[in-house]
$ cat run_6.txt   # compact mmCIF, C-alpha atoms and all ligand atoms
# COMPACT_ATOMS: atom_id res chain seq x y z
CA MET T 1 177.66 125.11 34.23
CA GLY T 2 174.43 124.85 36.25
CA TYR T 3 173.05 122.56 33.58
CA GLU T 4 176.21 120.41 33.59
CA ARG T 5 176.01 119.94 37.38
CA LYS T 6 172.33 119.04 37.14
CA ASP T 7 173.03 116.66 34.34
CA HIS T 8 175.89 114.97 36.16
CA PHE T 9 174.00 114.33 39.42
CA TYR T 10 170.76 113.51 37.61
CA LYS T 11 172.49 110.90 35.44
CA ARG T 12 174.38 109.51 38.40
CA ALA T 13 171.13 109.09 40.36
CA LYS T 14 169.52 107.25 37.44
CA ARG T 15 172.58 105.03 36.99
CA GLU T 16 172.75 104.17 40.68
CA GLY T 17 168.98 103.54 41.04
CA LYS T 18 168.39 106.46 43.43
CA ALA T 19 164.98 108.12 43.61
CA SER T 20 166.50 111.59 43.21
CA ARG T 21 169.74 113.55 43.00
CA ALA T 22 168.97 114.85 46.51
CA VAL T 23 170.56 111.70 47.87
CA TYR T 24 174.05 113.08 47.15
CA LYS T 25 173.33 116.12 49.31
CA LEU T 26 172.46 113.91 52.27
CA ALA T 27 175.45 111.65 51.64
CA GLU T 28 177.78 114.67 51.75
CA LEU T 29 176.17 116.04 54.92
CA GLN T 30 176.41 112.63 56.60
CA LYS T 31 180.08 112.28 55.64
CA ARG T 32 180.95 115.71 57.00
CA PHE T 33 178.74 115.84 60.11
CA LYS T 34 177.94 112.23 61.12
CA LEU T 35 174.29 113.08 61.60
CA VAL T 36 172.80 109.60 61.90
CA ARG T 37 174.15 106.36 63.37
CA ARG T 38 173.18 102.72 63.26
CA GLY T 39 170.19 101.99 65.48
CA ASP T 40 168.92 105.58 65.35
CA VAL T 41 165.34 106.74 64.88
CA ALA T 42 165.25 109.41 62.16
CA ILE T 43 162.34 111.61 61.03
CA ASP T 44 162.40 112.61 57.34
CA LEU T 45 160.14 115.63 56.65
CA GLY T 46 159.34 116.14 52.96
CA CYS T 47 160.64 112.70 52.02
CA ALA T 48 159.20 112.14 48.51
CA PRO T 49 160.21 110.80 46.06
CA GLY T 50 162.28 108.94 48.63
CA SER T 51 166.03 109.12 48.04
CA TRP T 52 166.80 110.35 51.58
CA MET T 53 164.64 107.55 52.97
CA GLN T 54 166.61 104.98 50.93
CA GLU T 55 169.85 106.39 52.31
CA LEU T 56 168.62 106.84 55.88
CA SER T 57 167.28 103.28 55.92
CA ALA T 58 170.77 101.98 55.16
CA MET T 59 172.40 104.38 57.65
CA VAL T 60 170.23 103.38 60.63
CA GLY T 61 170.25 99.66 59.74
CA GLN T 62 167.79 96.98 60.76
CA ASN T 63 167.70 98.04 64.41
CA GLY T 64 166.91 101.64 63.52
CA ARG T 65 163.79 103.25 62.11
CA VAL T 66 162.97 105.96 59.59
CA ILE T 67 159.63 107.79 59.63
CA GLY T 68 158.94 109.89 56.56
CA ILE T 69 156.13 112.25 55.66
CA ASP T 70 155.22 114.00 52.42
CA LEU T 71 152.26 115.52 50.62
CA LEU T 72 153.24 113.41 47.60
CA PRO T 73 153.58 109.64 47.22
CA LEU T 74 156.95 107.88 47.34
CA LYS T 75 158.57 106.44 44.23
CA ILE T 76 160.53 103.79 46.10
CA SER T 77 159.57 100.54 47.78
CA LEU T 78 159.77 100.89 51.53
CA GLN T 79 162.37 98.95 53.47
CA PRO T 80 161.13 97.08 56.58
CA ASN T 81 162.69 99.70 58.88
CA CYS T 82 160.77 102.58 57.23
CA ARG T 83 157.28 104.00 57.70
CA PHE T 84 155.62 106.57 55.46
CA ILE T 85 152.80 109.02 56.20
CA LYS T 86 151.17 110.64 53.20
CA GLY T 87 150.08 113.97 54.61
CA ASN T 88 150.85 117.57 55.43
CA ALA T 89 153.46 118.06 58.14
CA GLU T 90 151.57 121.22 59.14
CA ASP T 91 148.48 119.23 60.18
CA GLU T 92 147.96 118.25 63.81
CA SER T 93 146.75 114.81 62.72
CA SER T 94 150.00 114.17 60.79
CA ILE T 95 152.08 115.34 63.74
CA SER T 96 150.30 112.99 66.10
CA GLU T 97 150.82 110.14 63.59
CA ILE T 98 154.56 110.89 63.57
CA HIS T 99 154.52 110.77 67.38
CA ASP T 100 152.69 107.43 67.37
CA LEU T 101 155.10 105.84 64.87
CA CYS T 102 158.10 107.27 66.71
CA GLY T 103 156.91 105.84 70.02
CA GLY T 104 159.29 108.10 71.95
CA LYS T 105 161.87 110.61 70.83
CA ALA T 106 164.00 110.62 67.68
CA ASP T 107 167.78 110.86 67.36
CA ALA T 108 167.58 113.04 64.26
CA VAL T 109 165.04 115.27 62.51
CA LEU T 110 165.77 116.04 58.86
CA SER T 111 163.73 118.39 56.69
CA ASP T 112 164.21 118.68 52.94
CA MET T 113 160.76 120.30 52.64
CA SER T 114 160.45 122.83 49.83
CA PRO T 115 157.55 125.12 49.09
CA ASN T 116 156.20 125.21 45.54
CA LEU T 117 158.52 127.91 44.25
CA SER T 118 156.75 130.88 42.65
CA GLY T 119 159.88 132.65 41.44
CA ILE T 120 159.06 135.64 43.67
CA ALA T 121 162.11 135.57 45.91
CA PHE T 122 160.71 137.16 49.08
CA ALA T 123 157.53 135.05 48.95
CA ASP T 124 159.47 131.81 48.38
CA SER T 125 161.98 132.53 51.13
CA TYR T 126 159.22 133.41 53.59
CA ARG T 127 157.31 130.20 52.85
CA SER T 128 160.55 128.24 53.17
CA TYR T 129 161.17 129.92 56.54
CA GLU T 130 157.67 128.88 57.70
CA LEU T 131 158.50 125.24 56.87
CA CYS T 132 161.80 125.58 58.75
CA VAL T 133 159.98 126.92 61.83
CA LEU T 134 157.54 124.01 61.61
CA ALA T 135 160.46 121.55 61.52
CA LEU T 136 162.21 123.30 64.42
CA ASN T 137 159.03 123.26 66.50
CA LEU T 138 158.73 119.53 65.84
CA CYS T 139 162.20 119.14 67.35
CA SER T 140 160.81 120.51 70.63
CA SER T 141 158.45 117.59 71.03
CA LEU T 142 160.27 114.89 69.04
CA LEU T 143 164.04 115.28 69.30
CA LYS T 144 166.09 113.69 72.07
CA PRO T 145 168.51 115.86 74.04
CA GLY T 146 171.80 115.70 72.13
CA GLY T 147 169.93 114.96 68.87
CA ASN T 148 170.72 116.37 65.43
CA PHE T 149 168.65 118.54 63.06
CA VAL T 150 169.10 119.23 59.35
CA VAL T 151 166.90 121.71 57.54
CA LYS T 152 166.83 123.11 54.03
CA ILE T 153 166.18 126.82 53.70
CA PHE T 154 165.92 129.35 50.89
CA PRO T 155 167.41 132.27 52.80
CA GLY T 156 165.62 135.60 53.01
CA GLU T 157 165.22 138.33 55.62
CA GLU T 158 164.36 135.82 58.35
CA PHE T 159 167.51 133.74 57.88
CA ALA T 160 169.78 135.46 60.40
CA GLY T 161 167.10 135.33 63.13
CA PHE T 162 166.48 131.65 62.42
CA ILE T 163 170.19 130.84 62.74
CA ALA T 164 170.36 132.80 66.01
CA GLU T 165 167.44 130.77 67.34
CA LEU T 166 169.16 127.51 66.36
CA LYS T 167 172.32 128.62 68.15
CA ARG T 168 170.31 129.02 71.34
CA ARG T 169 168.90 125.52 71.06
CA PHE T 170 171.83 123.50 69.71
CA GLU T 171 175.50 123.22 70.62
CA GLU T 172 176.83 123.60 67.06
CA VAL T 173 175.29 125.16 63.96
CA ALA T 174 176.70 125.22 60.43
CA THR T 175 175.37 126.28 57.02
CA VAL T 176 176.32 124.26 53.94
CA ILE T 177 175.79 124.35 50.18
CA PRO T 178 176.24 120.73 49.13
CA GLU T 179 178.10 119.89 45.94
CA ALA T 180 174.91 118.42 44.41
CA THR T 181 172.94 121.68 44.84
CA ARG T 182 172.23 123.25 41.48
CA LYS T 183 174.36 126.34 40.86
CA THR T 184 171.22 128.32 40.10
CA SER T 185 169.56 127.43 43.43
CA SER T 186 169.75 129.61 46.54
CA GLU T 187 169.10 126.63 48.85
CA ARG T 188 171.24 126.10 51.93
CA TYR T 189 171.26 123.28 54.46
CA VAL T 190 171.55 124.20 58.10
CA ILE T 191 173.11 121.54 60.30
CA ALA T 192 172.40 121.84 64.01
CA ARG T 193 173.93 119.29 66.38
CA GLY T 194 173.51 118.68 70.08
CA PHE T 195 169.92 119.70 70.86
CA HIS T 196 169.55 121.09 74.37
CA MET T 197 166.57 123.42 74.51
CA SER T 198 162.87 123.05 73.65
CA GLY T 199 160.18 125.66 73.14
CA ASP T 200 158.15 126.96 70.22
CA LEU T 201 159.35 129.76 67.95
C1 LIG R 1 163.04 118.46 47.43
S1 LIG R 1 161.68 117.41 47.78
C2 LIG R 1 162.37 116.25 48.90
C3 LIG R 1 163.28 115.24 48.26
C4 LIG R 1 163.59 114.09 49.19
N1 LIG R 1 164.47 114.51 50.29
C5 LIG R 1 164.26 112.94 48.47
O1 LIG R 1 165.44 112.70 48.73
O2 LIG R 1 163.63 112.25 47.67
C6 LIG R 1 160.70 118.41 48.84
C7 LIG R 1 159.42 117.76 49.31
O3 LIG R 1 158.82 118.53 50.35
C8 LIG R 1 157.45 118.21 50.35
N2 LIG R 1 156.69 119.14 51.19
C9 LIG R 1 156.57 120.48 51.08
N3 LIG R 1 155.76 120.98 52.02
C10 LIG R 1 155.34 119.93 52.77
C11 LIG R 1 154.46 119.80 53.89
N4 LIG R 1 153.87 120.86 54.42
N5 LIG R 1 154.26 118.56 54.40
C12 LIG R 1 154.86 117.47 53.85
N6 LIG R 1 155.70 117.54 52.79
C13 LIG R 1 155.94 118.75 52.24
C14 LIG R 1 157.11 118.28 48.86
O4 LIG R 1 155.91 117.60 48.58
C15 LIG R 1 158.34 117.63 48.22
O5 LIG R 1 158.11 116.28 47.91
$ encode --input "run_6.txt" --output "structure tokens" --more "lines below"
Ligand SMILES: C[S@@+](CC[C@H](N)C(=O)[O-])C[C@H]1O[C@@H](n2cnc3c(N)ncnc32)[C@H](O)[C@@H]1O
Amino acid sequence: MGYERKDHFYKRAKREGKASRAVYKLAELQKRFKLVRRGDVAIDLGCAPGSWMQELSAMVGQNGRVIGIDLLPLKISLQPNCRFIKGNAEDESSISEIHDLCGGKADAVLSDMSPNLSGIAFADSYRSYELCVLALNLCSSLLKPGGNFVVKIFPGEEFAGFIAELKRRFEEVATVIPEATRKTSSERYVIARGFHMSGDL
């Protein structure tokens, strides 16, 4: 069954010219939670190969902007409303580049960042948690009051504490397994809307 789901979304992405099956996860989250609107500035952390950027570019439209960062290169051609930084989101220099391109605060921060999975569950979930904390800390300096945050996590021991922290900082928090997530994956997407509190974790 896991293989069939993978095959279905993989084939669909190929057929529809999408850079990856991940696009269907974002499309579902957008439909359910209205995360991004036309004219918005959106930050896309871990954006390669680029399917979320393709989708976000269309969502924000020509008056909006999408700023993506990844360690790896994109496999899409960039739309005029998109900017890409090839770098590590953990580096100060990358963070200041995001700030420069943003030129103010963003309406939405989205992180689909994944660690290189080792297969050792506690190690993978801890590394995933570290990337989530990085993304949340970026919200403190980059996200407008009222803004939205989406973050992928491979839940482990730290998950409950992370959700509690999000509930302090956002008005609404929900956890979702999108339809396009492989059955064999433990990934979850946490949707946090209505940012109202800054501060580092
Ligand atoms: C599942 S992929 C993202 C797929 C993307 N949302 C799309 O739709 O095409 C996860 C990405 O996170 C990136 N990543 C992991 N750690 C990162 C870091 N510290 N800085 C930047 N990118 C990172 C990986 O290089 C990988 O390309």
$ closest_residue --input "run_6.txt" --among "T:Ile43, T:Ala123, T:Ala58, T:Leu131" --to "ligand LIG 1 (chain R)" --atoms "all atoms listed in the file"
T:Leu131
$ closest_residue --input "run_6.txt" --among "T:Gly103, T:Leu78, T:Val60, T:Asn137" --to "Leu35 in chain T" --atoms "only C-alpha atoms"
T:Val60
$ residues_near_point --input "run_6.txt" --point "(179.3, 121.1, 45.3)" --cutoff "10 Å" --atoms "only C-alpha atoms" --output "JSON list (two decimals) with C-alpha atoms, keeping the file's coordinate frame"
[["chain", "number", "residue", "atom", "x", "y", "z"],
["T", 5, "ARG", "CA", 176.01, 119.94, 37.38],
["T", 24, "TYR", "CA", 174.05, 113.08, 47.15],
["T", 25, "LYS", "CA", 173.33, 116.12, 49.31],
["T", 28, "GLU", "CA", 177.78, 114.67, 51.75],
["T", 176, "VAL", "CA", 176.32, 124.26, 53.94],
["T", 177, "ILE", "CA", 175.79, 124.35, 50.18],
["T", 178, "PRO", "CA", 176.24, 120.73, 49.13],
["T", 179, "GLU", "CA", 178.10, 119.89, 45.94],
["T", 180, "ALA", "CA", 174.91, 118.42, 44.41],
["T", 181, "THR", "CA", 172.94, 121.68, 44.84],
["T", 182, "ARG", "CA", 172.23, 123.25, 41.48],
["T", 183, "LYS", "CA", 174.36, 126.34, 40.86]]
$ residues_near_ligand --input "run_6.txt" --ligand "ligand LIG 1 (chain R)" --cutoff "7 Å" --atoms "all atoms listed in the file" --output "PyMOL selection string"
chain T and resi 19-20+22-23+45-53+69-72+87-90+112-115+131
$ residues_around --input "run_6.txt" --residues "range 139-141 of chain T" --least-positions-apart "6" --cutoff "9 Å" --atoms "all atoms listed in the file" --output "list in words"
His99, Lys105, Ala106, Ala108, Val109, Gly147, Phe149, Phe195, Met197, Ser198, Gly199 and Asp200 of chain T
$ write_last_selection --input "run_6.txt" --atoms "C-alpha atoms" --output "PDB file, in the coordinates of the input"
ATOM      1  CA  HIS T  99     154.520 110.770  67.380  1.00  0.00           C
ATOM      2  CA  LYS T 105     161.870 110.610  70.830  1.00  0.00           C
ATOM      3  CA  ALA T 106     164.000 110.620  67.680  1.00  0.00           C
ATOM      4  CA  ALA T 108     167.580 113.040  64.260  1.00  0.00           C
ATOM      5  CA  VAL T 109     165.040 115.270  62.510  1.00  0.00           C
ATOM      6  CA  GLY T 147     169.930 114.960  68.870  1.00  0.00           C
ATOM      7  CA  PHE T 149     168.650 118.540  63.060  1.00  0.00           C
ATOM      8  CA  PHE T 195     169.920 119.700  70.860  1.00  0.00           C
ATOM      9  CA  MET T 197     166.570 123.420  74.510  1.00  0.00           C
ATOM     10  CA  SER T 198     162.870 123.050  73.650  1.00  0.00           C
ATOM     11  CA  GLY T 199     160.180 125.660  73.140  1.00  0.00           C
ATOM     12  CA  ASP T 200     158.150 126.960  70.220  1.00  0.00           C
TER      13      ASP T 200
END
$ residues_around --input "run_6.txt" --residues "Asp40 in chain T" --least-positions-apart "3" --cutoff "12 Å" --atoms "only C-alpha atoms" --output "PyMOL selection string"
chain T and resi 34-37+43+56-67+81-82+102+104-109+143-144+147-148
$ closest_residue --input "run_6.txt" --among "T:Val150, T:Ala13, T:Leu138, T:Ala42" --to "Asp91 in chain T" --atoms "only C-alpha atoms"
T:Leu138
$ closest_residue --input "run_6.txt" --among "T:Leu29, T:Ala164, T:Ile153, T:Leu142" --to "Ser125 in chain T" --atoms "only C-alpha atoms"
T:Ile153
$ atom_distance --input "run_6.txt" --atom1 "CA of Ala192 in chain T" --atom2 "CA of Phe154 in chain T"
16.4 Å
$ closest_residue --input "run_6.txt" --among "T:Gln79, T:Leu166, T:Gly68, T:Tyr189" --to "Ser94 in chain T" --atoms "only C-alpha atoms"
T:Gly68
$ atom_distance --input "run_6.txt" --atom1 "CA of Pro155 in chain T" --atom2 "CA of His196 in chain T"
24.4 Å
$ atom_distance --input "run_6.txt" --atom1 "CA of Phe170 in chain T" --atom2 "CA of Ile85 in chain T"
27.5 Å
$ decode --input "run_6.txt" --residues "range 28-54 of chain T" --atoms "N, CA and C atoms" --output "compact mmCIF listing (two decimals), in the first residue's frame"
# COMPACT_ATOMS: atom_id res chain seq x y z
N GLU T 28 -2.72 20.45 -0.13
CA GLU T 28 -3.74 20.03 0.85
C GLU T 28 -3.74 20.96 2.06
N LEU T 29 -2.54 21.32 2.53
CA LEU T 29 -2.47 22.20 3.72
C LEU T 29 -3.05 23.58 3.39
N GLN T 30 -2.77 24.06 2.18
CA GLN T 30 -3.30 25.37 1.79
C GLN T 30 -4.84 25.32 1.71
N LYS T 31 -5.36 24.23 1.14
CA LYS T 31 -6.81 24.11 1.00
C LYS T 31 -7.49 24.09 2.38
N ARG T 32 -6.87 23.38 3.30
CA ARG T 32 -7.50 23.24 4.62
C ARG T 32 -7.28 24.45 5.53
N PHE T 33 -6.11 25.11 5.40
CA PHE T 33 -5.76 26.12 6.41
C PHE T 33 -5.55 27.53 5.86
N LYS T 34 -5.67 27.70 4.54
CA LYS T 34 -5.51 29.04 3.93
C LYS T 34 -4.28 29.76 4.49
N LEU T 35 -3.13 29.16 4.25
CA LEU T 35 -1.89 29.63 4.88
C LEU T 35 -1.32 30.87 4.22
N VAL T 36 -1.48 30.96 2.90
CA VAL T 36 -0.83 32.01 2.11
C VAL T 36 -1.88 32.65 1.22
N ARG T 37 -1.76 34.00 1.09
CA ARG T 37 -2.71 34.72 0.22
C ARG T 37 -1.98 35.49 -0.86
N ARG T 38 -2.73 35.96 -1.82
CA ARG T 38 -2.13 36.76 -2.90
C ARG T 38 -1.46 38.00 -2.29
N GLY T 39 -0.29 38.34 -2.81
CA GLY T 39 0.42 39.52 -2.32
C GLY T 39 1.32 39.25 -1.13
N ASP T 40 1.25 38.02 -0.59
CA ASP T 40 2.06 37.71 0.61
C ASP T 40 3.55 37.56 0.29
N VAL T 41 4.36 37.72 1.34
CA VAL T 41 5.78 37.33 1.29
C VAL T 41 5.89 36.02 2.06
N ALA T 42 6.42 34.99 1.39
CA ALA T 42 6.54 33.67 2.03
C ALA T 42 7.99 33.20 2.00
N ILE T 43 8.43 32.63 3.13
CA ILE T 43 9.79 32.07 3.23
C ILE T 43 9.68 30.55 3.18
N ASP T 44 10.45 29.93 2.28
CA ASP T 44 10.37 28.48 2.05
C ASP T 44 11.71 27.86 2.45
N LEU T 45 11.76 27.26 3.65
CA LEU T 45 13.01 26.70 4.18
C LEU T 45 13.13 25.24 3.75
N GLY T 46 14.23 24.89 3.10
CA GLY T 46 14.38 23.52 2.58
C GLY T 46 13.56 23.37 1.33
N CYS T 47 13.82 24.22 0.33
CA CYS T 47 12.88 24.37 -0.81
C CYS T 47 13.21 23.49 -2.01
N ALA T 48 14.38 22.82 -2.02
CA ALA T 48 14.75 22.02 -3.21
C ALA T 48 14.05 20.65 -3.18
N PRO T 49 13.70 20.08 -4.29
CA PRO T 49 13.97 20.55 -5.66
C PRO T 49 13.12 21.72 -6.14
N GLY T 50 12.04 22.06 -5.43
CA GLY T 50 11.37 23.30 -5.79
C GLY T 50 9.86 23.24 -5.99
N SER T 51 9.22 22.12 -5.64
CA SER T 51 7.78 22.05 -5.93
C SER T 51 6.96 23.00 -5.05
N TRP T 52 7.38 23.21 -3.79
CA TRP T 52 6.64 24.17 -2.95
C TRP T 52 6.83 25.58 -3.51
N MET T 53 8.04 25.86 -4.00
CA MET T 53 8.27 27.21 -4.56
C MET T 53 7.37 27.44 -5.77
N GLN T 54 7.23 26.42 -6.63
CA GLN T 54 6.36 26.55 -7.80
C GLN T 54 4.94 26.91 -7.35
